[in-house]
file start-v9.pdb (PDB, C-alpha atoms)
ATOM      1  CA  MET S 725     -25.651 100.713 -50.025
ATOM      2  CA  PRO S 726     -25.774 102.907 -46.855
ATOM      3  CA  ASN S 727     -28.247 100.532 -45.316
ATOM      4  CA  THR S 728     -25.884  97.586 -45.871
ATOM      5  CA  SER S 729     -23.046  99.372 -44.094
ATOM      6  CA  ILE S 730     -25.152  99.993 -41.027
ATOM      7  CA  LYS S 731     -26.178  96.351 -40.804
ATOM      8  CA  ARG S 732     -22.572  95.175 -40.946
ATOM      9  CA  THR S 733     -21.613  97.557 -38.147
ATOM     10  CA  VAL S 734     -24.315  96.217 -35.929
ATOM     11  CA  LYS S 735     -23.235  92.600 -36.500
ATOM     12  CA  SER S 736     -19.552  93.189 -35.907
ATOM     13  CA  ASN S 737     -19.970  95.328 -32.788
ATOM     14  CA  PRO S 738     -22.289  93.648 -30.284
ATOM     15  CA  SER S 739     -23.513  95.801 -27.486
ATOM     16  CA  PRO S 740     -21.548  95.763 -24.167
ATOM     17  CA  LYS S 741     -24.655  94.706 -22.361
ATOM     18  CA  SER S 742     -25.023  91.638 -24.553
ATOM     19  CA  SER S 743     -21.377  90.629 -23.992
ATOM     20  CA  THR S 744     -21.708  91.046 -20.250
ATOM     21  CA  ALA S 745     -24.857  89.016 -20.220
ATOM     22  CA  ASN S 746     -23.186  86.218 -22.132
ATOM     23  CA  LYS S 747     -20.282  86.151 -19.714
ATOM     24  CA  SER S 748     -22.613  86.136 -16.773
ATOM     25  CA  SER S 749     -24.610  83.317 -18.288
ATOM     26  CA  SER S 750     -21.433  81.333 -19.002
ATOM     27  CA  ALA S 751     -20.184  81.880 -15.475
ATOM     28  CA  GLY S 752     -23.530  80.797 -14.121
ATOM     29  CA  LYS S 753     -23.403  77.610 -16.111
ATOM     30  CA  SER S 754     -19.835  76.975 -14.986
ATOM     31  CA  ASN S 755     -20.697  77.471 -11.326
ATOM     32  CA  SER S 756     -23.755  75.310 -11.700
ATOM     33  CA  SER S 757     -21.717  72.580 -13.390
ATOM     34  CA  SER S 758     -19.032  72.820 -10.717
ATOM     35  CA  LYS S 759     -21.590  72.540  -7.959
ATOM     36  CA  GLY S 760     -23.227  69.601  -9.710
ATOM     37  CA  ASN S 761     -19.916  67.794 -10.066
ATOM     38  CA  SER S 762     -19.086  68.495  -6.448
ATOM     39  CA  VAL S 763     -22.376  67.069  -5.307
ATOM     40  CA  SER S 764     -21.955  64.068  -7.586
ATOM     41  CA  ARG S 765     -18.471  63.334  -6.274
ATOM     42  CA  THR S 766     -19.616  63.734  -2.699
ATOM     43  CA  ALA S 767     -22.477  61.326  -3.274
ATOM     44  CA  VAL S 768     -20.151  58.680  -4.753
ATOM     45  CA  SER S 769     -17.456  59.009  -2.117
ATOM     46  CA  SER S 770     -19.947  58.873   0.723
ATOM     47  CA  ARG S 771     -21.234  55.430  -0.221
ATOM     48  CA  PRO S 772     -20.140  52.898   2.408
ATOM     49  CA  GLY S 773     -17.629  50.285   1.320
ATOM     50  CA  THR S 774     -16.663  51.973  -1.973
ATOM     51  CA  MET S 775     -13.057  52.597  -2.987
ATOM     52  CA  ASN S 776     -11.975  55.024  -5.741
ATOM     53  CA  LYS S 777      -9.123  52.875  -7.027
ATOM     54  CA  SER S 778      -8.024  52.371 -10.594
ATOM     55  CA  ASN S 779      -8.776  48.951 -12.016
ATOM     56  CA  GLY S 780      -5.647  49.037 -14.181
ATOM     57  CA  ASN S 781      -7.520  50.138 -17.311
ATOM     58  CA  GLY S 782      -7.746  53.824 -16.446
ATOM     59  CA  GLN S 783     -11.217  53.334 -14.958
ATOM     60  CA  LYS S 784     -12.328  53.811 -11.391
ATOM     61  CA  SER S 785     -13.251  50.768  -9.354
ATOM     62  CA  ASN S 786     -15.809  50.664  -6.568
ATOM     63  CA  GLY S 787     -13.935  47.984  -4.631
ATOM     64  CA  MET S 788     -15.470  45.124  -6.654
ATOM     65  CA  ASN S 789     -13.922  42.875  -9.238
ATOM     66  CA  PRO S 790     -15.556  44.041 -12.525
ATOM     67  CA  ARG S 791     -15.328  40.557 -14.017
ATOM     68  CA  THR S 792     -16.586  38.414 -11.129
ATOM     69  CA  GLY S 793     -18.479  40.990  -9.077
ATOM     70  CA  THR S 794     -16.654  39.885  -5.890
ATOM     71  CA  PRO S 795     -14.894  42.234  -3.424
ATOM     72  CA  VAL S 796     -11.224  42.945  -4.118
ATOM     73  CA  SER S 797      -8.903  42.486  -1.150
ATOM     74  CA  ALA S 798      -6.997  45.594  -0.150
ATOM     75  CA  ARG S 799      -4.157  43.476   1.348
ATOM     76  CA  LYS S 800      -3.213  41.588  -1.805
ATOM     77  CA  ASN S 801       0.437  40.419  -1.804
ATOM     78  CA  THR S 802       0.963  41.694   1.732
ATOM     79  CA  PRO S 803       1.214  39.608   4.941
ATOM     80  CA  SER S 804      -2.185  38.860   6.415
ATOM     81  CA  SER S 805      -3.314  40.184   9.771
ATOM     82  CA  ASP S 806      -3.022  37.914  12.801
ATOM     83  CA  ASN S 807      -6.741  38.477  13.374
ATOM     84  CA  SER S 808      -7.697  37.164   9.942
ATOM     85  CA  GLN S 809     -10.021  34.151   9.914
ATOM     86  CA  LEU S 810      -7.919  32.678   7.112
ATOM     87  CA  GLU S 811      -4.739  33.085   9.140
ATOM     88  CA  LYS S 812      -6.301  31.321  12.124
ATOM     89  CA  PHE S 813      -7.451  28.490   9.877
ATOM     90  CA  PHE S 814      -3.957  28.268   8.406
ATOM     91  CA  HIS S 815      -2.372  27.964  11.864
ATOM     92  CA  ASP S 816      -4.893  25.296  12.821
ATOM     93  CA  GLN S 817      -4.039  23.224   9.755
ATOM     94  CA  LEU S 818      -0.336  23.748  10.412
ATOM     95  CA  LYS S 819      -0.743  22.222  13.876
ATOM     96  CA  ASP S 820      -2.669  19.352  12.330
ATOM     97  CA  LEU S 821       0.130  18.606   9.857
ATOM     98  CA  TYR S 822       2.787  18.884  12.551
ATOM     99  CA  TRP S 823       1.019  16.206  14.595
ATOM    100  CA  ALA S 824       0.648  14.061  11.486
ATOM    101  CA  GLU S 825       4.342  14.192  10.592
ATOM    102  CA  LYS S 826       5.474  13.569  14.174
ATOM    103  CA  HIS S 827       3.374  10.408  14.391
ATOM    104  CA  LEU S 828       4.185   9.251  10.874
ATOM    105  CA  VAL S 829       7.903   9.324  11.586
ATOM    106  CA  LYS S 830       7.259   6.833  14.409
ATOM    107  CA  ALA S 831       5.068   4.561  12.275
ATOM    108  CA  LEU S 832       7.376   4.330   9.245
ATOM    109  CA  PRO S 833      10.091   2.172  10.873
ATOM    110  CA  LYS S 834       7.413  -0.409  11.740
ATOM    111  CA  MET S 835       6.291  -0.483   8.119
ATOM    112  CA  GLN S 836       9.902  -0.827   7.019
ATOM    113  CA  LYS S 837      10.445  -3.797   9.302
ATOM    114  CA  ALA S 838       7.295  -5.503   8.022
ATOM    115  CA  ALA S 839       8.189  -5.026   4.333
ATOM    116  CA  THR S 840       9.349  -8.004   2.283
ATOM    117  CA  THR S 841      11.589  -6.576  -0.444
ATOM    118  CA  ASP S 842      14.808  -4.654   0.119
ATOM    119  CA  ASP S 843      13.730  -2.015  -2.391
ATOM    120  CA  LEU S 844      10.633  -1.158  -0.385
ATOM    121  CA  LYS S 845      12.571  -1.217   2.879
ATOM    122  CA  LEU S 846      15.069   1.265   1.406
ATOM    123  CA  ALA S 847      12.318   3.533   0.057
ATOM    124  CA  ILE S 848      10.652   3.695   3.480
ATOM    125  CA  GLU S 849      13.983   4.343   5.198
ATOM    126  CA  GLU S 850      14.711   7.270   2.873
ATOM    127  CA  HIS S 851      11.277   8.757   3.418
ATOM    128  CA  THR S 852      11.692   8.453   7.188
ATOM    129  CA  SER S 853      14.762  10.702   6.958
ATOM    130  CA  GLN S 854      12.831  13.045   4.670
ATOM    131  CA  THR S 855       9.969  13.245   7.144
ATOM    132  CA  GLN S 856      12.386  14.373   9.857
ATOM    133  CA  GLU S 857      13.454  17.250   7.603
ATOM    134  CA  GLN S 858       9.828  18.090   6.904
ATOM    135  CA  ILE S 859       9.149  18.349  10.628
ATOM    136  CA  THR S 860      12.031  20.827  10.892
ATOM    137  CA  ARG S 861      10.546  22.884   8.054
ATOM    138  CA  LEU S 862       7.187  23.041   9.782
ATOM    139  CA  GLU S 863       8.911  24.327  12.923
ATOM    140  CA  GLN S 864      10.542  27.033  10.801
ATOM    141  CA  VAL S 865       7.135  27.973   9.427
ATOM    142  CA  PHE S 866       5.767  28.387  12.961
ATOM    143  CA  GLN S 867       8.692  30.677  13.790
ATOM    144  CA  LEU S 868       8.339  32.759  10.616
ATOM    145  CA  MET S 869       4.700  33.380  11.458
ATOM    146  CA  GLY S 870       5.481  34.261  15.057
ATOM    147  CA  GLN S 871       3.601  31.265  16.395
ATOM    148  CA  LYS S 872       4.462  28.728  19.074
ATOM    149  CA  VAL S 873       5.381  25.306  17.703
ATOM    150  CA  GLN S 874       2.338  23.245  18.599
ATOM    151  CA  ALA S 875       0.634  20.022  17.502
ATOM    152  CA  LYS S 876      -3.064  19.291  17.214
ATOM    153  CA  LYS S 877      -4.300  15.728  16.851
ATOM    154  CA  CYS S 878      -4.833  14.814  13.220
ATOM    155  CA  GLU S 879      -7.745  12.394  13.035
ATOM    156  CA  ALA S 880      -7.042  11.638   9.386
ATOM    157  CA  MET S 881      -3.425  10.616   9.914
ATOM    158  CA  GLU S 882      -4.303   8.578  12.966
ATOM    159  CA  GLY S 883      -6.823   6.648  10.890
ATOM    160  CA  LEU S 884      -4.384   6.142   8.003
ATOM    161  CA  ILE S 885      -1.685   4.793  10.310
ATOM    162  CA  LYS S 886      -4.117   2.358  11.925
ATOM    163  CA  GLU S 887      -5.283   1.236   8.500
ATOM    164  CA  GLY S 888      -1.683   0.566   7.507
ATOM    165  CA  GLU S 889      -1.124  -1.536  10.610
ATOM    166  CA  SER S 890      -4.237  -3.568   9.843
ATOM    167  CA  ALA S 891      -3.037  -4.136   6.270
ATOM    168  CA  VAL S 892       0.175  -5.654   7.602
ATOM    169  CA  GLU S 893      -1.717  -7.902  10.007
ATOM    170  CA  ASP S 894      -4.059  -9.100   7.262
ATOM    171  CA  THR S 895      -1.260 -10.172   4.902
ATOM    172  CA  GLN S 896       1.242 -13.006   5.127
ATOM    173  CA  LYS S 897       4.710 -12.246   6.452
ATOM    174  CA  GLY S 898       7.393 -12.401   3.760
ATOM    175  CA  SER S 899       4.888 -12.210   0.898
ATOM    176  CA  MET S 900       4.830  -9.782  -1.993
ATOM    177  CA  THR S 901       1.163  -9.214  -1.251
ATOM    178  CA  ARG S 902       2.194  -7.668   2.047
ATOM    179  CA  ASP S 903       4.411  -5.226   0.144
ATOM    180  CA  VAL S 904       1.441  -4.379  -2.061
ATOM    181  CA  ALA S 905      -0.582  -3.606   1.066
ATOM    182  CA  ILE S 906       2.219  -1.485   2.556
ATOM    183  CA  ILE S 907       2.637   0.523  -0.652
ATOM    184  CA  MET S 908      -1.096   1.119  -0.888
ATOM    185  CA  SER S 909      -1.217   2.320   2.730
ATOM    186  CA  ALA S 910       1.838   4.534   2.233
ATOM    187  CA  GLN S 911       0.368   6.127  -0.881
ATOM    188  CA  LYS S 912      -2.843   6.934   0.948
ATOM    189  CA  VAL S 913      -0.687   8.847   3.412
ATOM    190  CA  GLU S 914       1.175  10.589   0.593
ATOM    191  CA  HIS S 915      -2.032  11.641  -1.138
ATOM    192  CA  TYR S 916      -3.366  13.119   2.103
ATOM    193  CA  GLU S 917      -0.131  15.053   2.612
ATOM    194  CA  ILE S 918      -0.031  16.241  -1.003
ATOM    195  CA  ALA S 919      -3.548  17.653  -0.646
ATOM    196  CA  SER S 920      -2.722  19.287   2.700
ATOM    197  CA  TYR S 921       0.594  20.839   1.720
ATOM    198  CA  GLY S 922      -0.751  21.907  -1.666
ATOM    199  CA  THR S 923      -3.559  23.849  -0.019
ATOM    200  CA  LEU S 924      -1.265  25.477   2.557
ATOM    201  CA  VAL S 925       1.163  26.592  -0.156
ATOM    202  CA  GLN S 926      -1.642  28.420  -1.962
ATOM    203  CA  LEU S 927      -2.965  29.945   1.258
ATOM    204  CA  ALA S 928       0.504  31.176   2.230
ATOM    205  CA  GLU S 929       0.847  32.850  -1.167
ATOM    206  CA  THR S 930      -2.604  34.384  -0.805
ATOM    207  CA  MET S 931      -1.619  35.876   2.550
ATOM    208  CA  GLY S 932       1.656  37.218   1.117
ATOM    209  CA  ASN S 933       3.921  34.888   3.137
ATOM    210  CA  THR S 934       6.377  34.037   0.364
ATOM    211  CA  LYS S 935       9.032  32.415   2.564
ATOM    212  CA  VAL S 936       6.440  30.184   4.229
ATOM    213  CA  ALA S 937       5.108  29.173   0.829
ATOM    214  CA  GLU S 938       8.617  28.228  -0.335
ATOM    215  CA  LEU S 939       9.246  25.994   2.677
ATOM    216  CA  LEU S 940       5.928  24.207   2.273
ATOM    217  CA  GLN S 941       6.467  23.879  -1.480
ATOM    218  CA  ALA S 942       9.754  22.048  -0.855
ATOM    219  CA  THR S 943       7.926  19.464   1.240
ATOM    220  CA  LEU S 944       5.115  19.203  -1.301
ATOM    221  CA  GLU S 945       7.605  18.304  -4.043
ATOM    222  CA  GLU S 946       9.141  15.606  -1.832
ATOM    223  CA  GLU S 947       5.742  14.066  -1.150
ATOM    224  CA  LYS S 948       4.940  13.976  -4.862
ATOM    225  CA  GLN S 949       8.282  12.323  -5.634
ATOM    226  CA  THR S 950       7.778   9.719  -2.906
ATOM    227  CA  ASP S 951       4.361   8.869  -4.336
ATOM    228  CA  GLN S 952       5.879   8.408  -7.791
ATOM    229  CA  ASN S 953       8.672   6.210  -6.403
ATOM    230  CA  LEU S 954       6.160   3.952  -4.668
ATOM    231  CA  SER S 955       4.136   3.635  -7.857
ATOM    232  CA  ALA S 956       7.247   2.637  -9.791
ATOM    233  CA  LEU S 957       8.121  -0.048  -7.224
ATOM    234  CA  ALA S 958       4.640  -1.518  -7.371
ATOM    235  CA  GLU S 959       4.134  -1.407 -11.128
ATOM    236  CA  ASN S 960       7.577  -2.599 -12.209
ATOM    237  CA  ASN S 961       7.944  -5.568  -9.920
ATOM    238  CA  ILE S 962       5.986  -6.096  -6.733
ATOM    239  CA  ASN S 963       2.438  -6.201  -8.149
ATOM    240  CA  TRP S 964       3.402  -8.788 -10.759
ATOM    241  CA  GLU S 965       5.088 -11.099  -8.281
ATOM    242  CA  ALA S 966       2.194 -10.766  -5.850
ATOM    243  CA  GLU S 967      -0.227 -11.791  -8.588
ATOM    244  CA  SER S 968       1.455 -15.198  -8.905
ATOM    245  CA  GLU S 969       1.407 -15.940  -5.171
ATOM    246  CA  GLU S 970      -0.920 -18.644  -3.962
ATOM    247  CA  GLU S 971      -2.795 -18.301  -0.737
ATOM    248  CA  GLU S 972      -1.521 -20.618   1.968
ATOM    249  CA  GLU S 973      -4.035 -22.943   3.516
ATOM    250  CA  GLU S 974      -5.054 -22.082   7.048
ATOM    251  CA  PRO S 975      -5.552 -24.755   9.736
ATOM    252  CA  MET S 976      -9.039 -26.205   9.644
ATOM    253  CA  GLU S 977     -11.160 -25.123  12.574
ATOM    254  CA  ASP S 978     -12.951 -28.507  12.692
ATOM    255  CA  ASP S 979      -9.724 -30.288  13.612
ATOM    256  CA  GLU S 980      -9.170 -27.912  16.505
ATOM    257  CA  ASP S 981     -12.708 -28.527  17.741
ATOM    258  CA  ASP S 982     -12.155 -32.292  17.640
ATOM    259  CA  ASP S 983      -8.999 -31.982  19.702
ATOM    260  CA  GLU S 984     -10.843 -29.934  22.314
ATOM    261  CA  GLU S 985     -13.581 -32.565  22.536
ATOM    262  CA  GLU S 986     -11.031 -35.355  23.089
ATOM    263  CA  ASP S 987      -9.433 -33.377  25.895
ATOM    264  CA  ASP S 988     -12.803 -32.968  27.592
ATOM    265  CA  GLU S 989     -13.369 -36.735  27.543
TER     266      GLU S 989
END
call {"tool": "encode", "arguments": {"input": "start-v9.pdb", "output": "structure tokens"}}
result
Amino acid sequence: MPNTSIKRTVKSNPSPKSSTANKSSSAGKSNSSSKGNSVSRTAVSSRPGTMNKSNGNGQKSNGMNPRTGTPVSARKNTPSSDNSQLEKFFHDQLKDLYWAEKHLVKALPKMQKAATTDDLKLAIEEHTSQTQEQITRLEQVFQLMGQKVQAKKCEAMEGLIKEGESAVEDTQKGSMTRDVAIIMSAQKVEHYEIASYGTLVQLAETMGNTKVAELLQATLEEEKQTDQNLSALAENNINWEAESEEEEEEPMEDDEDDDEEEDDE
């Protein structure tokens, strides 16, 4: 029994030296851990191009999209810098569209005059007025972006306008087939504009220019509606009437040659 008492006393009262040693050892481990963490954090933060931002899930991001592995823009939903390559491209395309609309508004009255049906004439007249408003919107976009209103030759629109003029020349005056050709040419223009405005709307949103995007979106909706109106005109009436038209006979070239020979004699 006495021996048991002594053993219990020893267990319940550790020596001061042992306690001090334990504390010292614990402190050493703590300092070592702290130093290790400090070094680790320094190594991570010193990597070039890394950003300690939260990815929205409570995790740290290194500046890369965890899903796609692509860099995440630090200027998301904020206006882009004037020195941005994307902004310069945007301005270039804006000038291109401005030239296109300015020249289209001159070409449309010629198409209207050449059209056969009153419905098509009216549709072109309405879109001419619309195009004037679209030009004004583009000028507002230039101003919102702090840029000079400027046009750059649009090779695509120039080609589409020339193609439309050729379509009129190649079809008979007063025929429904000519209206078919005019509608086809006009829709080619609309599809080009829909693609152009659609892209610029998305780019404006990407650069954080909400007001610019809204102005361009208004024009985009008008272009889509015009395209639908032209389709309705063609499908409900004009195409069917054109299908029943017979081609008029052209003067025979042989007769003209004979007349020239008689004159020579």
call {"tool": "resolve_selection", "arguments": {"input": "start-v9.pdb", "expression": "the PyMOL selection byres ((chain S and resi 965) around 12)", "output": "compact mmCIF listing (two decimals) with C-alpha atoms, in the coordinates of the input"}}
result
# COMPACT_ATOMS: atom_id res chain seq x y z
CA THR S 840 9.35 -8.00 2.28
CA THR S 841 11.59 -6.58 -0.44
CA SER S 899 4.89 -12.21 0.90
CA MET S 900 4.83 -9.78 -1.99
CA THR S 901 1.16 -9.21 -1.25
CA ARG S 902 2.19 -7.67 2.05
CA ASP S 903 4.41 -5.23 0.14
CA VAL S 904 1.44 -4.38 -2.06
CA LEU S 957 8.12 -0.05 -7.22
CA ALA S 958 4.64 -1.52 -7.37
CA GLU S 959 4.13 -1.41 -11.13
CA ASN S 960 7.58 -2.60 -12.21
CA ASN S 961 7.94 -5.57 -9.92
CA ILE S 962 5.99 -6.10 -6.73
CA ASN S 963 2.44 -6.20 -8.15
CA TRP S 964 3.40 -8.79 -10.76
CA ALA S 966 2.19 -10.77 -5.85
CA GLU S 967 -0.23 -11.79 -8.59
CA SER S 968 1.46 -15.20 -8.90
CA GLU S 969 1.41 -15.94 -5.17
CA GLU S 970 -0.92 -18.64 -3.96
call {"tool": "resolve_selection", "arguments": {"input": "start-v9.pdb", "expression": "the PyMOL selection byres ((chain S and resi 817) around 10)", "output": "MDAnalysis selection string"}}
result
chainID S and resid 811:816 818:823 875:876 878 920:921 923:924
call {"tool": "resolve_selection", "arguments": {"input": "start-v9.pdb", "expression": "the PyMOL selection byres ((chain S and resi 868) around 12)", "output": "ChimeraX atom specification"}}
result
/S:803,815,861-867,869-873,928,933-939
call {"tool": "atom_distance", "arguments": {"input": "start-v9.pdb", "atom1": "CA of Leu884 (chain S)", "atom2": "CA of Ala824 (chain S)"}}
result
10.0 Å
call {"tool": "closest_residue", "arguments": {"input": "start-v9.pdb", "among": "S:Gln911, S:Ser890, S:Gln874, S:Thr895", "to": "Lys948 (chain S)", "atoms": "all atoms listed in the file"}}
result
S:Gln911
call {"tool": "axis_aligned_box", "arguments": {"input": "start-v9.pdb", "around": "region 864-874 of chain S", "padding_each_side": "6 Å", "output": "JSON"}}
result
{"center_x": 6.4, "center_y": 28.8, "center_z": 14.3, "size_x": 20.2, "size_y": 23.0, "size_z": 21.6}
call {"tool": "closest_residue", "arguments": {"input": "start-v9.pdb", "among": "S:Ser955, S:Lys837, S:Ala942, S:His827", "to": "Val892 (chain S)", "atoms": "all atoms listed in the file"}}
result
S:Lys837
call {"tool": "atom_distance", "arguments": {"input": "start-v9.pdb", "atom1": "CA of Gln896 (chain S)", "atom2": "CA of Ala838 (chain S)"}}
result
10.1 Å
call {"tool": "atom_distance", "arguments": {"input": "start-v9.pdb", "atom1": "CA of Met908 (chain S)", "atom2": "CA of His851 (chain S)"}}
result
15.2 Å
call {"tool": "residues_around", "arguments": {"input": "start-v9.pdb", "residues": "Glu889 (chain S)", "least_positions_apart": "3", "cutoff": "10 Å", "atoms": "all atoms listed in the file", "output": "VMD selection string"}}
result
chain S and resid 831 834 to 835 838 883 to 886 892 to 894 905 to 906 909
call {"tool": "closest_residue", "arguments": {"input": "start-v9.pdb", "among": "S:Leu828, S:Leu927, S:Met881, S:Leu954", "to": "Ile859 (chain S)", "atoms": "all atoms listed in the file"}}
result
S:Leu828
call {"tool": "closest_residue", "arguments": {"input": "start-v9.pdb", "among": "S:Thr950, S:Gln809, S:Thr930, S:Gln941", "to": "Thr852 (chain S)", "atoms": "all atoms listed in the file"}}
result
S:Thr950
call {"tool": "build_atoms", "arguments": {"input": "start-v9.pdb", "residues": "region 906-914 of chain S", "atoms": "all heavy atoms", "output": "PDB file, keeping the file's coordinate frame"}}
result
ATOM      1  N   ILE S 906       1.442  -2.571   1.944  1.00  0.00           N
ATOM      2  CA  ILE S 906       2.219  -1.485   2.556  1.00  0.00           C
ATOM      3  C   ILE S 906       2.308  -0.287   1.618  1.00  0.00           C
ATOM      4  O   ILE S 906       2.153   0.873   2.035  1.00  0.00           O
ATOM      5  CB  ILE S 906       3.629  -1.981   2.948  1.00  0.00           C
ATOM      6  CG1 ILE S 906       3.529  -2.969   4.115  1.00  0.00           C
ATOM      7  CG2 ILE S 906       4.530  -0.814   3.323  1.00  0.00           C
ATOM      8  CD1 ILE S 906       4.841  -3.637   4.484  1.00  0.00           C
ATOM      9  N   ILE S 907       2.550  -0.570   0.328  1.00  0.00           N
ATOM     10  CA  ILE S 907       2.637   0.523  -0.652  1.00  0.00           C
ATOM     11  C   ILE S 907       1.303   1.254  -0.765  1.00  0.00           C
ATOM     12  O   ILE S 907       1.261   2.496  -0.804  1.00  0.00           O
ATOM     13  CB  ILE S 907       3.067  -0.029  -2.028  1.00  0.00           C
ATOM     14  CG1 ILE S 907       4.536  -0.459  -1.988  1.00  0.00           C
ATOM     15  CG2 ILE S 907       2.861   1.029  -3.117  1.00  0.00           C
ATOM     16  CD1 ILE S 907       5.020  -1.135  -3.247  1.00  0.00           C
ATOM     17  N   MET S 908       0.231   0.498  -0.794  1.00  0.00           N
ATOM     18  CA  MET S 908      -1.096   1.119  -0.888  1.00  0.00           C
ATOM     19  C   MET S 908      -1.355   2.021   0.323  1.00  0.00           C
ATOM     20  O   MET S 908      -1.837   3.158   0.183  1.00  0.00           O
ATOM     21  CB  MET S 908      -2.168   0.040  -0.969  1.00  0.00           C
ATOM     22  CG  MET S 908      -3.581   0.592  -1.119  1.00  0.00           C
ATOM     23  SD  MET S 908      -4.796  -0.732  -1.319  1.00  0.00           S
ATOM     24  CE  MET S 908      -6.288   0.230  -1.517  1.00  0.00           C
ATOM     25  N   SER S 909      -1.017   1.530   1.510  1.00  0.00           N
ATOM     26  CA  SER S 909      -1.217   2.320   2.730  1.00  0.00           C
ATOM     27  C   SER S 909      -0.338   3.563   2.727  1.00  0.00           C
ATOM     28  O   SER S 909      -0.780   4.660   3.114  1.00  0.00           O
ATOM     29  CB  SER S 909      -0.899   1.462   3.960  1.00  0.00           C
ATOM     30  OG  SER S 909      -1.751   0.335   4.019  1.00  0.00           O
ATOM     31  N   ALA S 910       0.912   3.400   2.268  1.00  0.00           N
ATOM     32  CA  ALA S 910       1.838   4.534   2.233  1.00  0.00           C
ATOM     33  C   ALA S 910       1.375   5.594   1.240  1.00  0.00           C
ATOM     34  O   ALA S 910       1.486   6.802   1.497  1.00  0.00           O
ATOM     35  CB  ALA S 910       3.236   4.048   1.870  1.00  0.00           C
ATOM     36  N   GLN S 911       0.832   5.159   0.115  1.00  0.00           N
ATOM     37  CA  GLN S 911       0.368   6.127  -0.881  1.00  0.00           C
ATOM     38  C   GLN S 911      -0.886   6.864  -0.425  1.00  0.00           C
ATOM     39  O   GLN S 911      -1.097   8.021  -0.789  1.00  0.00           O
ATOM     40  CB  GLN S 911       0.137   5.433  -2.224  1.00  0.00           C
ATOM     41  CG  GLN S 911       1.444   5.078  -2.921  1.00  0.00           C
ATOM     42  CD  GLN S 911       1.247   4.655  -4.363  1.00  0.00           C
ATOM     43  OE1 GLN S 911       0.630   3.636  -4.635  1.00  0.00           O
ATOM     44  NE2 GLN S 911       1.772   5.436  -5.291  1.00  0.00           N
ATOM     45  N   LYS S 912      -1.696   6.228   0.361  1.00  0.00           N
ATOM     46  CA  LYS S 912      -2.843   6.934   0.948  1.00  0.00           C
ATOM     47  C   LYS S 912      -2.350   8.080   1.826  1.00  0.00           C
ATOM     48  O   LYS S 912      -2.916   9.179   1.817  1.00  0.00           O
ATOM     49  CB  LYS S 912      -3.706   5.968   1.761  1.00  0.00           C
ATOM     50  CG  LYS S 912      -4.539   5.004   0.925  1.00  0.00           C
ATOM     51  CD  LYS S 912      -5.395   4.118   1.812  1.00  0.00           C
ATOM     52  CE  LYS S 912      -6.249   3.153   0.990  1.00  0.00           C
ATOM     53  NZ  LYS S 912      -7.108   2.304   1.847  1.00  0.00           N
ATOM     54  N   VAL S 913      -1.286   7.806   2.576  1.00  0.00           N
ATOM     55  CA  VAL S 913      -0.687   8.847   3.412  1.00  0.00           C
ATOM     56  C   VAL S 913      -0.129   9.964   2.540  1.00  0.00           C
ATOM     57  O   VAL S 913      -0.334  11.155   2.822  1.00  0.00           O
ATOM     58  CB  VAL S 913       0.427   8.255   4.306  1.00  0.00           C
ATOM     59  CG1 VAL S 913       1.214   9.363   4.997  1.00  0.00           C
ATOM     60  CG2 VAL S 913      -0.162   7.311   5.340  1.00  0.00           C
ATOM     61  N   GLU S 914       0.576   9.590   1.481  1.00  0.00           N
ATOM     62  CA  GLU S 914       1.175  10.589   0.593  1.00  0.00           C
ATOM     63  C   GLU S 914       0.111  11.468  -0.052  1.00  0.00           C
ATOM     64  O   GLU S 914       0.275  12.690  -0.152  1.00  0.00           O
ATOM     65  CB  GLU S 914       2.005   9.905  -0.499  1.00  0.00           C
ATOM     66  CG  GLU S 914       3.245   9.196   0.010  1.00  0.00           C
ATOM     67  CD  GLU S 914       4.129  10.094   0.852  1.00  0.00           C
ATOM     68  OE1 GLU S 914       4.410  11.237   0.436  1.00  0.00           O
ATOM     69  OE2 GLU S 914       4.516   9.666   1.951  1.00  0.00           O
TER      70      GLU S 914
END
